[in-house]
>>> print(open('protein.cif').read())   # mmCIF, C-alpha atoms
data_work
#
loop_
_atom_site.label_atom_id
_atom_site.label_comp_id
_atom_site.auth_asym_id
_atom_site.auth_seq_id
_atom_site.Cartn_x
_atom_site.Cartn_y
_atom_site.Cartn_z
CA MET A 665 14.65 -34.55 -104.52
CA MET A 666 13.60 -31.42 -106.39
CA SER A 667 15.74 -28.43 -107.37
CA LYS A 668 17.14 -25.94 -104.89
CA ILE A 669 14.44 -23.36 -105.76
CA VAL A 670 11.65 -25.73 -104.77
CA ARG A 671 13.46 -26.74 -101.57
CA THR A 672 13.98 -23.12 -100.54
CA GLN A 673 10.32 -22.33 -101.18
CA ALA A 674 9.28 -25.38 -99.18
CA ASN A 675 11.52 -24.34 -96.28
CA PHE A 676 9.95 -20.89 -96.38
CA LEU A 677 6.32 -21.98 -96.69
CA TYR A 678 6.30 -25.00 -94.35
CA PRO A 679 6.03 -23.09 -91.02
CA PHE A 680 3.34 -20.79 -92.38
CA ILE A 681 1.22 -23.72 -93.59
CA LEU A 682 1.59 -25.38 -90.17
CA ILE A 683 0.60 -22.16 -88.36
CA PHE A 684 -2.39 -21.64 -90.66
CA GLY A 685 -3.53 -25.24 -90.12
CA PHE A 686 -3.26 -24.99 -86.35
CA TYR A 687 -5.06 -21.64 -86.48
CA ILE A 688 -7.98 -23.26 -88.32
CA VAL A 689 -8.05 -26.08 -85.75
CA ALA A 690 -7.82 -23.79 -82.70
CA HIS A 691 -10.47 -21.37 -83.97
CA GLY A 692 -12.83 -24.14 -85.07
CA HIS A 693 -15.55 -22.97 -82.66
CA LEU A 694 -15.30 -19.32 -83.80
CA THR A 695 -14.63 -19.23 -87.55
CA PRO A 696 -15.43 -21.52 -90.48
CA GLY A 697 -13.30 -24.63 -90.42
CA GLY A 698 -12.49 -27.10 -87.68
CA GLY A 699 -10.62 -30.28 -87.00
CA PHE A 700 -11.05 -32.00 -90.35
CA GLN A 701 -10.20 -28.96 -92.47
CA GLY A 702 -7.27 -27.82 -90.33
CA GLY A 703 -5.81 -31.32 -90.21
CA ALA A 704 -6.00 -31.52 -93.99
CA VAL A 705 -4.13 -28.19 -94.28
CA ILE A 706 -1.36 -29.46 -91.97
CA ALA A 707 -1.16 -32.65 -94.04
CA THR A 708 -0.59 -30.54 -97.17
CA GLY A 709 2.41 -29.04 -95.37
CA ILE A 710 3.80 -32.56 -94.86
CA ALA A 711 3.06 -33.33 -98.52
CA LEU A 712 4.99 -30.22 -99.59
CA VAL A 713 8.07 -31.32 -97.65
CA ILE A 714 7.83 -34.86 -99.04
CA VAL A 715 7.54 -33.56 -102.62
CA ALA A 716 10.43 -31.12 -102.20
CA TYR A 717 12.90 -33.45 -100.46
CA GLY A 718 11.86 -36.87 -101.71
CA TYR A 719 10.76 -39.87 -99.68
CA ASP A 720 14.26 -41.13 -98.86
CA ARG A 721 15.27 -38.07 -96.84
CA VAL A 722 11.88 -37.38 -95.27
CA LYS A 723 11.74 -41.00 -94.08
CA SER A 724 14.32 -40.24 -91.39
CA TRP A 725 12.58 -37.01 -90.23
CA ILE A 726 8.95 -38.16 -90.10
CA LYS A 727 8.45 -41.76 -89.00
CA LYS A 728 5.44 -43.75 -90.13
CA SER A 729 5.03 -45.20 -86.64
CA THR A 730 4.90 -41.69 -85.11
CA LEU A 731 2.14 -40.65 -87.50
CA THR A 732 0.17 -43.83 -86.79
CA ALA A 733 0.50 -43.24 -83.05
CA THR A 734 -0.59 -39.60 -83.53
CA GLU A 735 -3.69 -40.73 -85.37
CA SER A 736 -4.63 -43.30 -82.75
CA ILE A 737 -4.07 -40.83 -79.90
CA GLY A 738 -6.31 -38.27 -81.64
CA LEU A 739 -9.17 -40.73 -82.04
CA LEU A 740 -8.74 -41.97 -78.46
CA CYS A 741 -8.86 -38.40 -77.07
CA PHE A 742 -12.01 -37.76 -79.09
CA ILE A 743 -13.78 -40.85 -77.74
CA LEU A 744 -12.53 -40.21 -74.17
CA THR A 745 -13.88 -36.63 -74.24
CA ALA A 746 -17.20 -38.03 -75.38
CA PHE A 747 -17.15 -40.62 -72.58
CA ILE A 748 -16.38 -38.12 -69.78
CA GLY A 749 -19.81 -36.54 -70.25
CA LEU A 750 -21.45 -39.95 -69.92
CA SER A 751 -22.96 -39.09 -66.51
CA THR A 752 -25.56 -37.01 -68.42
CA SER A 753 -25.34 -38.42 -71.92
CA PHE A 754 -22.79 -39.52 -74.50
CA PHE A 755 -21.16 -36.42 -76.10
CA TYR A 756 -22.56 -34.16 -73.35
CA ASN A 757 -20.83 -30.75 -73.35
CA PHE A 758 -19.96 -30.74 -69.63
CA LEU A 759 -17.51 -27.80 -69.83
CA ALA A 760 -19.77 -25.25 -71.55
CA ASN A 761 -20.83 -22.28 -69.39
CA SER A 762 -19.14 -23.87 -66.35
CA GLY A 763 -16.48 -21.18 -65.81
CA LEU A 764 -13.69 -23.76 -65.99
CA LEU A 765 -11.41 -24.39 -68.98
CA PHE A 766 -13.14 -23.14 -72.16
CA GLY A 767 -16.15 -22.41 -69.97
CA ASP A 768 -16.91 -18.72 -70.51
CA LYS A 769 -20.44 -17.64 -71.37
CA VAL A 770 -21.25 -16.12 -74.75
CA SER A 771 -23.92 -13.49 -75.32
CA TYR A 772 -26.52 -14.19 -77.98
CA GLY A 773 -25.91 -12.51 -81.33
CA ALA A 774 -22.85 -11.10 -83.03
CA ASN A 775 -19.72 -10.79 -80.87
CA PRO A 776 -16.00 -10.60 -81.55
CA GLY A 777 -15.44 -14.22 -80.50
CA TYR A 778 -13.45 -15.42 -77.51
CA LEU A 779 -11.13 -18.43 -77.51
CA ASN A 780 -12.00 -19.46 -73.95
CA THR A 781 -15.54 -20.58 -74.79
CA ALA A 782 -17.48 -23.54 -76.16
CA GLY A 783 -16.62 -26.23 -73.60
CA THR A 784 -15.52 -29.53 -75.11
CA LEU A 785 -15.68 -28.31 -78.71
CA PRO A 786 -12.07 -26.97 -78.88
CA ILE A 787 -10.76 -30.16 -77.25
CA MET A 788 -12.62 -32.32 -79.76
CA ASN A 789 -11.49 -30.06 -82.62
CA LEU A 790 -7.88 -30.49 -81.53
CA ALA A 791 -8.29 -34.27 -81.20
CA VAL A 792 -9.87 -34.58 -84.65
CA GLY A 793 -7.24 -32.25 -86.14
CA VAL A 794 -4.42 -34.40 -84.76
CA GLU A 795 -6.17 -37.52 -86.01
CA VAL A 796 -6.67 -36.16 -89.55
CA LEU A 797 -3.08 -34.91 -89.77
CA GLY A 798 -1.75 -38.31 -88.72
CA GLY A 799 -4.13 -40.21 -90.97
CA LEU A 800 -3.53 -38.23 -94.16
CA GLY A 801 0.20 -38.11 -93.43
CA VAL A 802 0.45 -41.85 -93.03
CA ILE A 803 -1.56 -42.43 -96.23
CA LEU A 804 0.91 -40.17 -98.09
CA MET A 805 3.90 -41.98 -96.62
CA TYR A 806 2.48 -45.40 -97.48
CA MET A 807 1.70 -44.43 -101.07
CA LEU A 808 5.10 -42.83 -101.61
CA SER A 809 7.01 -45.74 -100.10
CA TYR A 810 5.15 -48.10 -102.45
CA GLY A 811 5.66 -45.82 -105.47
CA LYS A 812 9.39 -45.80 -104.78
CA GLU A 813 9.52 -49.60 -104.92
CA VAL A 814 7.61 -49.71 -108.20
CA SER A 815 9.90 -47.17 -109.87
CA LYS A 816 12.99 -49.23 -108.95
CA MET B 1178 -23.69 -43.62 -127.71
CA ARG B 1179 -21.41 -42.36 -125.00
CA ASN B 1180 -21.38 -38.85 -126.48
CA ILE B 1181 -25.18 -38.75 -126.52
CA LEU B 1182 -25.28 -39.84 -122.89
CA MET B 1183 -22.76 -37.14 -121.92
CA LEU B 1184 -24.80 -34.57 -123.87
CA ILE B 1185 -27.95 -35.54 -121.96
CA VAL B 1186 -26.19 -35.22 -118.61
CA PHE B 1187 -24.66 -31.90 -119.65
CA LEU B 1188 -28.01 -30.50 -120.81
CA THR B 1189 -29.71 -31.63 -117.59
CA ILE B 1190 -27.15 -29.88 -115.41
CA ILE B 1191 -27.16 -26.76 -117.59
CA SER B 1192 -30.95 -26.55 -117.57
CA PHE B 1193 -30.90 -26.90 -113.79
CA PHE B 1194 -28.46 -24.00 -113.44
CA MET B 1195 -30.40 -21.92 -115.98
CA TYR B 1196 -33.60 -22.55 -114.02
CA VAL B 1197 -31.91 -21.36 -110.83
CA ALA B 1198 -30.51 -18.30 -112.61
CA ILE B 1199 -33.86 -17.29 -114.13
CA ASN B 1200 -36.17 -18.33 -111.27
CA PRO B 1201 -36.87 -15.33 -109.01
CA GLY B 1202 -37.61 -17.59 -106.01
CA ASP B 1203 -39.45 -16.61 -102.88
CA PHE B 1204 -38.66 -13.25 -101.41
CA ASN B 1205 -39.88 -12.49 -97.92
CA SER B 1206 -40.17 -8.72 -97.74
CA GLN B 1207 -40.69 -8.70 -93.95
CA THR B 1208 -37.45 -10.45 -92.97
CA GLY B 1209 -35.55 -9.69 -96.19
CA GLU B 1210 -34.76 -13.40 -96.71
CA HIS B 1211 -34.42 -14.74 -100.24
CA PHE B 1212 -34.87 -18.45 -101.06
CA VAL B 1213 -33.95 -19.47 -104.62
CA PHE B 1214 -35.41 -22.99 -104.37
CA GLY B 1215 -38.59 -21.93 -102.55
CA SER B 1216 -38.95 -21.23 -98.87
CA PRO B 1217 -38.48 -24.27 -96.57
CA LYS B 1218 -41.64 -25.97 -95.26
CA PHE B 1219 -40.32 -26.76 -91.77
CA THR B 1220 -38.02 -24.32 -90.01
CA ASP B 1221 -38.54 -25.28 -86.35
CA MET B 1222 -35.23 -27.13 -86.03
CA ASP B 1223 -33.20 -24.46 -87.88
CA ASN B 1224 -34.63 -21.75 -85.67
CA TYR B 1225 -33.96 -23.81 -82.54
CA PHE B 1226 -30.28 -24.23 -83.43
CA ILE B 1227 -29.85 -20.61 -84.49
CA HIS B 1228 -31.44 -19.23 -81.33
CA ASN B 1229 -30.10 -21.66 -78.71
CA ALA B 1230 -26.72 -22.91 -79.96
CA GLN B 1231 -24.77 -19.93 -78.63
CA ASN B 1232 -26.31 -20.11 -75.16
CA GLN B 1233 -26.18 -23.88 -74.81
CA THR B 1234 -22.70 -24.67 -76.18
CA GLY B 1235 -21.02 -21.26 -76.01
CA ALA B 1236 -19.68 -21.56 -79.56
CA ASN B 1237 -20.06 -18.74 -82.07
CA ASN B 1238 -19.85 -21.19 -84.95
CA VAL B 1239 -23.26 -22.86 -85.02
CA VAL B 1240 -22.12 -25.41 -87.60
CA THR B 1241 -19.32 -26.64 -85.34
CA SER B 1242 -21.66 -26.79 -82.36
CA ILE B 1243 -23.98 -29.05 -84.38
CA VAL B 1244 -21.19 -31.21 -85.79
CA PHE B 1245 -19.32 -31.78 -82.52
CA ASP B 1246 -22.06 -31.44 -79.91
CA TYR B 1247 -25.65 -31.97 -81.04
CA ARG B 1248 -24.66 -34.56 -83.67
CA GLY B 1249 -21.39 -35.71 -82.09
CA PHE B 1250 -22.12 -39.36 -82.76
CA ASP B 1251 -22.08 -38.67 -86.50
CA THR B 1252 -18.62 -37.10 -86.20
CA LEU B 1253 -17.40 -40.15 -84.29
CA GLY B 1254 -18.45 -42.21 -87.32
CA GLU B 1255 -16.62 -39.83 -89.65
CA ALA B 1256 -13.43 -40.06 -87.60
CA SER B 1257 -13.58 -43.84 -87.54
CA VAL B 1258 -14.16 -43.88 -91.31
CA LEU B 1259 -10.85 -42.04 -91.71
CA PHE B 1260 -9.17 -44.49 -89.33
CA THR B 1261 -10.54 -47.41 -91.36
CA ALA B 1262 -9.36 -45.78 -94.59
CA VAL B 1263 -5.81 -45.56 -93.21
CA LEU B 1264 -6.00 -49.20 -92.12
CA GLY B 1265 -7.20 -50.18 -95.59
CA VAL B 1266 -4.45 -48.29 -97.40
CA GLY B 1267 -1.78 -49.80 -95.18
CA LEU B 1268 -3.17 -53.29 -95.57
CA ALA B 1269 -3.59 -53.07 -99.36
CA LEU B 1270 -0.13 -51.64 -100.00
CA ARG B 1271 1.52 -54.17 -97.71
CA LEU B 1272 -0.28 -56.99 -99.52
CA LEU B 1273 0.80 -55.60 -102.90
CA ARG B 1274 4.39 -55.38 -101.72
CA GLY B 1275 4.27 -58.94 -100.40
CA ASP B 1276 3.02 -60.25 -103.74
CA LYS B 1277 5.98 -58.77 -105.57
CA LYS B 1278 8.67 -60.30 -103.39
#
>>> encode(input="protein.cif", output="structure tokens")
Amino acid sequence: MMSKIVRTQANFLYPFILIFGFYIVAHGHLTPGGGFQGGAVIATGIALVIVAYGYDRVKSWIKKSTLTATESIGLLCFILTAFIGLSTSFFYNFLANSGLLFGDKVSYGANPGYLNTAGTLPIMNLAVGVEVLGGLGVILMYMLSYGKEVSK
Amino acid sequence: MRNILMLIVFLTIISFFMYVAINPGDFNSQTGEHFVFGSPKFTDMDNYFIHNAQNQTGANNVVTSIVFDYRGFDTLGEASVLFTAVLGVGLALRLLRGDKK
């Protein structure tokens, strides 16, 4: 566990890092970034909390099994979204320009950018973001739990 | 020996950057495009993506529309690489821990 200054800073910064990461994931089809980058940003938030509070205390807040399940669910959602479009082809964007969820049309050229567009892309971005956050988080937890045993 | 090798690598990279810095490149005065490494030979595919990606997928970000839609299979491979990496880390660290006990 680090000093009180570091813990206070971590408490202050943690929600902002999470919000920024989810912003990158949710706006993946409008701005630079996407699932992989946003998931990595969220994982840095988890890393900050682990560094500030130490593995022993974080262990009871964030469970390894939860992170593993998160990762698997993300990958499964990604593959399932790809499979739903199978009636035309694998990875077919069946929601784009359909008027349903994320189905608005976009005019060619520069425009302000609307969230309710791009069909399956936001869903896949979210799935990949959840997968990357779980994967990097569980790698961190594994490495720290092993490092703790070595230092004993 | 090792220093000489590092010097050769360093000089190669530096000469590459110097070439890029000095080289005026191709400048297309009609479209205003500037290519430092010479203009590309084949631009059919680039133009197709740039002109059709917004209409076909509805995404403003053409890169994301390529990564997740046109080349979605590649991204599936990337995601499974990350999954395999997590599996490998877990397996290796568990094995290491088992050896110690």
>>> residues_around(input="protein.cif", residues="range 766-772 of chain A", least_positions_apart="3", cutoff="10 Å", atoms="all atoms listed in the file", output="number ranges by chain")
A: 758-763, 775, 777-787; B: 1227-1237
>>> residues_around(input="protein.cif", residues="Tyr1247 in chain B", least_positions_apart="6", cutoff="10 Å", atoms="all atoms listed in the file", output="list of chain:residue names")
A:Phe755, A:Tyr756, A:Asn757, B:Phe1226, B:Ala1230, B:Thr1234, B:Val1240, B:Thr1241
>>> resolve_selection(input="protein.cif", expression="the PyMOL selection byres ((chain B) within 12 of (chain A))", output="PyMOL selection string")
chain B and resi 1227-1275+1277-1278
>>> atom_distance(input="protein.cif", atom1="CA of Gly702 in chain A", atom2="CA of Val794 in chain A")
9.1 Å
>>> atom_distance(input="protein.cif", atom1="CA of Asn1180 in chain B", atom2="CA of Phe1193 in chain B")
19.9 Å
>>> residues_around(input="protein.cif", residues="range 668-675 of chain A", least_positions_apart="6", cutoff="9 Å", atoms="all atoms listed in the file", output="list in words")
Gly709, Leu712, Val713, Ala716 and Tyr717 of chain A
>>> residues_around(input="protein.cif", residues="Phe1212 in chain B", least_positions_apart="5", cutoff="8 Å", atoms="only C-alpha atoms", output="list in words")
Gly1202, Asp1203 and Phe1204 of chain B
>>> write_last_selection(input="protein.cif", atoms="C-alpha atoms", output="short mmCIF file (atom, residue, chain, number, x, y, z; two decimals), in the coordinates of the input")
data_model
loop_
_atom_site.label_atom_id
_atom_site.label_comp_id
_atom_site.auth_asym_id
_atom_site.auth_seq_id
_atom_site.Cartn_x
_atom_site.Cartn_y
_atom_site.Cartn_z
CA GLY B 1202 -37.61 -17.59 -106.01
CA ASP B 1203 -39.45 -16.61 -102.88
CA PHE B 1204 -38.66 -13.25 -101.41
#
>>> axis_aligned_box(input="protein.cif", around="range 714-726 of chain A", padding_each_side="6 Å", output="JSON")
{"center_x": 11.4, "center_y": -36.1, "center_z": -96.4, "size_x": 19.7, "size_y": 22.0, "size_z": 24.5}
>>> atom_distance(input="protein.cif", atom1="CA of Met1222 in chain B", atom2="CA of Thr752 in chain A")
22.4 Å
>>> residues_near_point(input="protein.cif", point="(-2.6, -22.1, -90.7)", cutoff="12 Å", atoms="only C-alpha atoms", output="MDAnalysis selection string")
chainID A and resid 677:692 697:698 701:709
>>> decode(input="protein.cif", residues="range 687-816 of chain A", atoms="C-alpha atoms", output="PDB file, in the first residue's frame")
ATOM      1  CA  TYR A 687     -15.838   7.300 -24.011  1.00  0.00           C
ATOM      2  CA  ILE A 688     -13.126   5.984 -26.337  1.00  0.00           C
ATOM      3  CA  VAL A 689     -14.965   2.648 -26.614  1.00  0.00           C
ATOM      4  CA  ALA A 690     -18.410   4.183 -27.206  1.00  0.00           C
ATOM      5  CA  HIS A 691     -17.165   6.685 -29.798  1.00  0.00           C
ATOM      6  CA  GLY A 692     -15.030   4.111 -31.612  1.00  0.00           C
ATOM      7  CA  HIS A 693     -17.001   4.538 -34.841  1.00  0.00           C
ATOM      8  CA  LEU A 694     -16.749   8.364 -34.757  1.00  0.00           C
ATOM      9  CA  THR A 695     -13.331   9.354 -33.393  1.00  0.00           C
ATOM     10  CA  PRO A 696      -9.878   7.754 -33.379  1.00  0.00           C
ATOM     11  CA  GLY A 697      -9.719   4.833 -30.993  1.00  0.00           C
ATOM     12  CA  GLY A 698     -11.977   1.855 -30.472  1.00  0.00           C
ATOM     13  CA  GLY A 699     -12.339  -1.288 -28.454  1.00  0.00           C
ATOM     14  CA  PHE A 700      -8.684  -2.211 -28.061  1.00  0.00           C
ATOM     15  CA  GLN A 701      -7.490   1.278 -27.136  1.00  0.00           C
ATOM     16  CA  GLY A 702     -10.384   2.054 -24.797  1.00  0.00           C
ATOM     17  CA  GLY A 703     -10.058  -1.294 -23.041  1.00  0.00           C
ATOM     18  CA  ALA A 704      -6.369  -0.627 -22.481  1.00  0.00           C
ATOM     19  CA  VAL A 705      -7.192   2.779 -20.942  1.00  0.00           C
ATOM     20  CA  ILE A 706      -9.705   1.172 -18.548  1.00  0.00           C
ATOM     21  CA  ALA A 707      -7.091  -1.444 -17.629  1.00  0.00           C
ATOM     22  CA  THR A 708      -4.677   1.364 -16.692  1.00  0.00           C
ATOM     23  CA  GLY A 709      -7.340   2.567 -14.257  1.00  0.00           C
ATOM     24  CA  ILE A 710      -7.369  -0.886 -12.647  1.00  0.00           C
ATOM     25  CA  ALA A 711      -3.554  -0.841 -12.585  1.00  0.00           C
ATOM     26  CA  LEU A 712      -3.602   2.535 -10.814  1.00  0.00           C
ATOM     27  CA  VAL A 713      -5.870   1.195  -8.066  1.00  0.00           C
ATOM     28  CA  ILE A 714      -3.734  -1.941  -7.672  1.00  0.00           C
ATOM     29  CA  VAL A 715      -0.534   0.130  -7.406  1.00  0.00           C
ATOM     30  CA  ALA A 716      -2.067   2.563  -4.912  1.00  0.00           C
ATOM     31  CA  TYR A 717      -3.742   0.044  -2.597  1.00  0.00           C
ATOM     32  CA  GLY A 718      -1.601  -3.056  -3.026  1.00  0.00           C
ATOM     33  CA  TYR A 719      -2.668  -6.494  -4.180  1.00  0.00           C
ATOM     34  CA  ASP A 720      -3.913  -7.711  -0.796  1.00  0.00           C
ATOM     35  CA  ARG A 721      -6.711  -5.150  -0.509  1.00  0.00           C
ATOM     36  CA  VAL A 722      -7.644  -5.024  -4.193  1.00  0.00           C
ATOM     37  CA  LYS A 723      -7.978  -8.826  -4.187  1.00  0.00           C
ATOM     38  CA  SER A 724     -11.245  -8.564  -2.257  1.00  0.00           C
ATOM     39  CA  TRP A 725     -12.679  -5.787  -4.505  1.00  0.00           C
ATOM     40  CA  ILE A 726     -11.792  -7.139  -7.959  1.00  0.00           C
ATOM     41  CA  LYS A 727     -11.972 -10.914  -8.293  1.00  0.00           C
ATOM     42  CA  LYS A 728      -9.837 -12.755 -10.812  1.00  0.00           C
ATOM     43  CA  SER A 729     -12.769 -14.992 -11.737  1.00  0.00           C
ATOM     44  CA  THR A 730     -14.952 -11.935 -12.510  1.00  0.00           C
ATOM     45  CA  LEU A 731     -12.314 -10.538 -14.852  1.00  0.00           C
ATOM     46  CA  THR A 732     -11.899 -13.900 -16.590  1.00  0.00           C
ATOM     47  CA  ALA A 733     -15.667 -14.162 -17.043  1.00  0.00           C
ATOM     48  CA  THR A 734     -15.757 -10.580 -18.388  1.00  0.00           C
ATOM     49  CA  GLU A 735     -13.109 -11.426 -20.945  1.00  0.00           C
ATOM     50  CA  SER A 736     -14.869 -14.577 -22.108  1.00  0.00           C
ATOM     51  CA  ILE A 737     -18.232 -12.799 -22.350  1.00  0.00           C
ATOM     52  CA  GLY A 738     -16.647 -10.041 -24.468  1.00  0.00           C
ATOM     53  CA  LEU A 739     -15.138 -12.497 -26.930  1.00  0.00           C
ATOM     54  CA  LEU A 740     -18.381 -14.505 -27.072  1.00  0.00           C
ATOM     55  CA  CYS A 741     -20.443 -11.357 -27.814  1.00  0.00           C
ATOM     56  CA  PHE A 742     -17.994 -10.447 -30.570  1.00  0.00           C
ATOM     57  CA  ILE A 743     -18.253 -13.861 -32.242  1.00  0.00           C
ATOM     58  CA  LEU A 744     -22.053 -13.988 -31.776  1.00  0.00           C
ATOM     59  CA  THR A 745     -22.465 -10.575 -33.443  1.00  0.00           C
ATOM     60  CA  ALA A 746     -20.391 -11.860 -36.320  1.00  0.00           C
ATOM     61  CA  PHE A 747     -22.520 -15.009 -36.548  1.00  0.00           C
ATOM     62  CA  ILE A 748     -25.883 -13.186 -36.587  1.00  0.00           C
ATOM     63  CA  GLY A 749     -25.052 -11.735 -40.003  1.00  0.00           C
ATOM     64  CA  LEU A 750     -24.298 -15.213 -41.325  1.00  0.00           C
ATOM     65  CA  SER A 751     -27.421 -15.246 -43.538  1.00  0.00           C
ATOM     66  CA  THR A 752     -25.498 -12.937 -45.915  1.00  0.00           C
ATOM     67  CA  SER A 753     -21.897 -13.484 -44.894  1.00  0.00           C
ATOM     68  CA  PHE A 754     -19.742 -13.816 -41.799  1.00  0.00           C
ATOM     69  CA  PHE A 755     -19.217 -10.346 -40.216  1.00  0.00           C
ATOM     70  CA  TYR A 756     -22.034  -8.863 -42.333  1.00  0.00           C
ATOM     71  CA  ASN A 757     -23.118  -5.453 -40.997  1.00  0.00           C
ATOM     72  CA  PHE A 758     -26.857  -6.245 -40.857  1.00  0.00           C
ATOM     73  CA  LEU A 759     -27.806  -3.208 -38.727  1.00  0.00           C
ATOM     74  CA  ALA A 760     -26.237  -0.466 -40.857  1.00  0.00           C
ATOM     75  CA  ASN A 761     -28.712   1.866 -42.608  1.00  0.00           C
ATOM     76  CA  SER A 762     -31.624  -0.281 -41.388  1.00  0.00           C
ATOM     77  CA  GLY A 763     -33.266   2.353 -39.162  1.00  0.00           C
ATOM     78  CA  LEU A 764     -33.133   0.048 -36.139  1.00  0.00           C
ATOM     79  CA  LEU A 765     -30.627   0.245 -33.278  1.00  0.00           C
ATOM     80  CA  PHE A 766     -27.494   2.093 -34.490  1.00  0.00           C
ATOM     81  CA  GLY A 767     -29.109   2.140 -37.923  1.00  0.00           C
ATOM     82  CA  ASP A 768     -29.226   5.800 -38.934  1.00  0.00           C
ATOM     83  CA  LYS A 769     -27.895   6.846 -42.327  1.00  0.00           C
ATOM     84  CA  VAL A 770     -24.823   9.061 -42.623  1.00  0.00           C
ATOM     85  CA  SER A 771     -24.284  11.601 -45.385  1.00  0.00           C
ATOM     86  CA  TYR A 772     -21.050  11.387 -47.338  1.00  0.00           C
ATOM     87  CA  GLY A 773     -18.336  13.818 -46.276  1.00  0.00           C
ATOM     88  CA  ALA A 774     -17.658  15.755 -43.110  1.00  0.00           C
ATOM     89  CA  ASN A 775     -20.442  15.736 -40.497  1.00  0.00           C
ATOM     90  CA  PRO A 776     -20.616  16.278 -36.749  1.00  0.00           C
ATOM     91  CA  GLY A 777     -20.960  12.554 -36.035  1.00  0.00           C
ATOM     92  CA  TYR A 778     -23.971  10.812 -34.544  1.00  0.00           C
ATOM     93  CA  LEU A 779     -23.819   8.013 -31.982  1.00  0.00           C
ATOM     94  CA  ASN A 780     -26.811   6.147 -33.401  1.00  0.00           C
ATOM     95  CA  THR A 781     -25.026   5.056 -36.584  1.00  0.00           C
ATOM     96  CA  ALA A 782     -22.682   2.388 -37.920  1.00  0.00           C
ATOM     97  CA  GLY A 783     -24.736  -0.765 -37.291  1.00  0.00           C
ATOM     98  CA  THR A 784     -22.818  -3.567 -35.592  1.00  0.00           C
ATOM     99  CA  LEU A 785     -19.603  -1.562 -35.187  1.00  0.00           C
ATOM    100  CA  PRO A 786     -20.487  -0.021 -31.764  1.00  0.00           C
ATOM    101  CA  ILE A 787     -21.634  -3.416 -30.470  1.00  0.00           C
ATOM    102  CA  MET A 788     -18.385  -5.042 -31.593  1.00  0.00           C
ATOM    103  CA  ASN A 789     -16.383  -2.126 -30.165  1.00  0.00           C
ATOM    104  CA  LEU A 790     -18.082  -2.597 -26.808  1.00  0.00           C
ATOM    105  CA  ALA A 791     -17.508  -6.368 -26.889  1.00  0.00           C
ATOM    106  CA  VAL A 792     -13.818  -5.967 -27.738  1.00  0.00           C
ATOM    107  CA  GLY A 793     -13.447  -3.208 -25.124  1.00  0.00           C
ATOM    108  CA  VAL A 794     -14.895  -5.458 -22.418  1.00  0.00           C
ATOM    109  CA  GLU A 795     -12.663  -8.298 -23.563  1.00  0.00           C
ATOM    110  CA  VAL A 796      -9.475  -6.198 -23.511  1.00  0.00           C
ATOM    111  CA  LEU A 797     -10.286  -4.732 -20.097  1.00  0.00           C
ATOM    112  CA  GLY A 798     -10.837  -8.199 -18.652  1.00  0.00           C
ATOM    113  CA  GLY A 799      -7.780  -9.662 -20.352  1.00  0.00           C
ATOM    114  CA  LEU A 800      -5.290  -6.971 -19.358  1.00  0.00           C
ATOM    115  CA  GLY A 801      -6.790  -6.810 -15.866  1.00  0.00           C
ATOM    116  CA  VAL A 802      -6.430 -10.527 -15.316  1.00  0.00           C
ATOM    117  CA  ILE A 803      -2.833 -10.467 -16.614  1.00  0.00           C
ATOM    118  CA  LEU A 804      -2.053  -7.704 -14.073  1.00  0.00           C
ATOM    119  CA  MET A 805      -3.702  -9.633 -11.250  1.00  0.00           C
ATOM    120  CA  TYR A 806      -1.847 -12.838 -12.122  1.00  0.00           C
ATOM    121  CA  MET A 807       1.528 -11.116 -12.303  1.00  0.00           C
ATOM    122  CA  LEU A 808       0.990  -9.240  -9.034  1.00  0.00           C
ATOM    123  CA  SER A 809      -0.228 -12.312  -7.168  1.00  0.00           C
ATOM    124  CA  TYR A 810       2.906 -14.171  -8.289  1.00  0.00           C
ATOM    125  CA  GLY A 811       5.197 -11.230  -7.447  1.00  0.00           C
ATOM    126  CA  LYS A 812       3.754 -11.158  -3.937  1.00  0.00           C
ATOM    127  CA  GLU A 813       4.673 -14.814  -3.405  1.00  0.00           C
ATOM    128  CA  VAL A 814       8.228 -14.270  -4.630  1.00  0.00           C
ATOM    129  CA  SER A 815       8.791 -11.294  -2.327  1.00  0.00           C
ATOM    130  CA  LYS A 816       7.712 -13.335   0.721  1.00  0.00           C
TER     131      LYS A 816
END
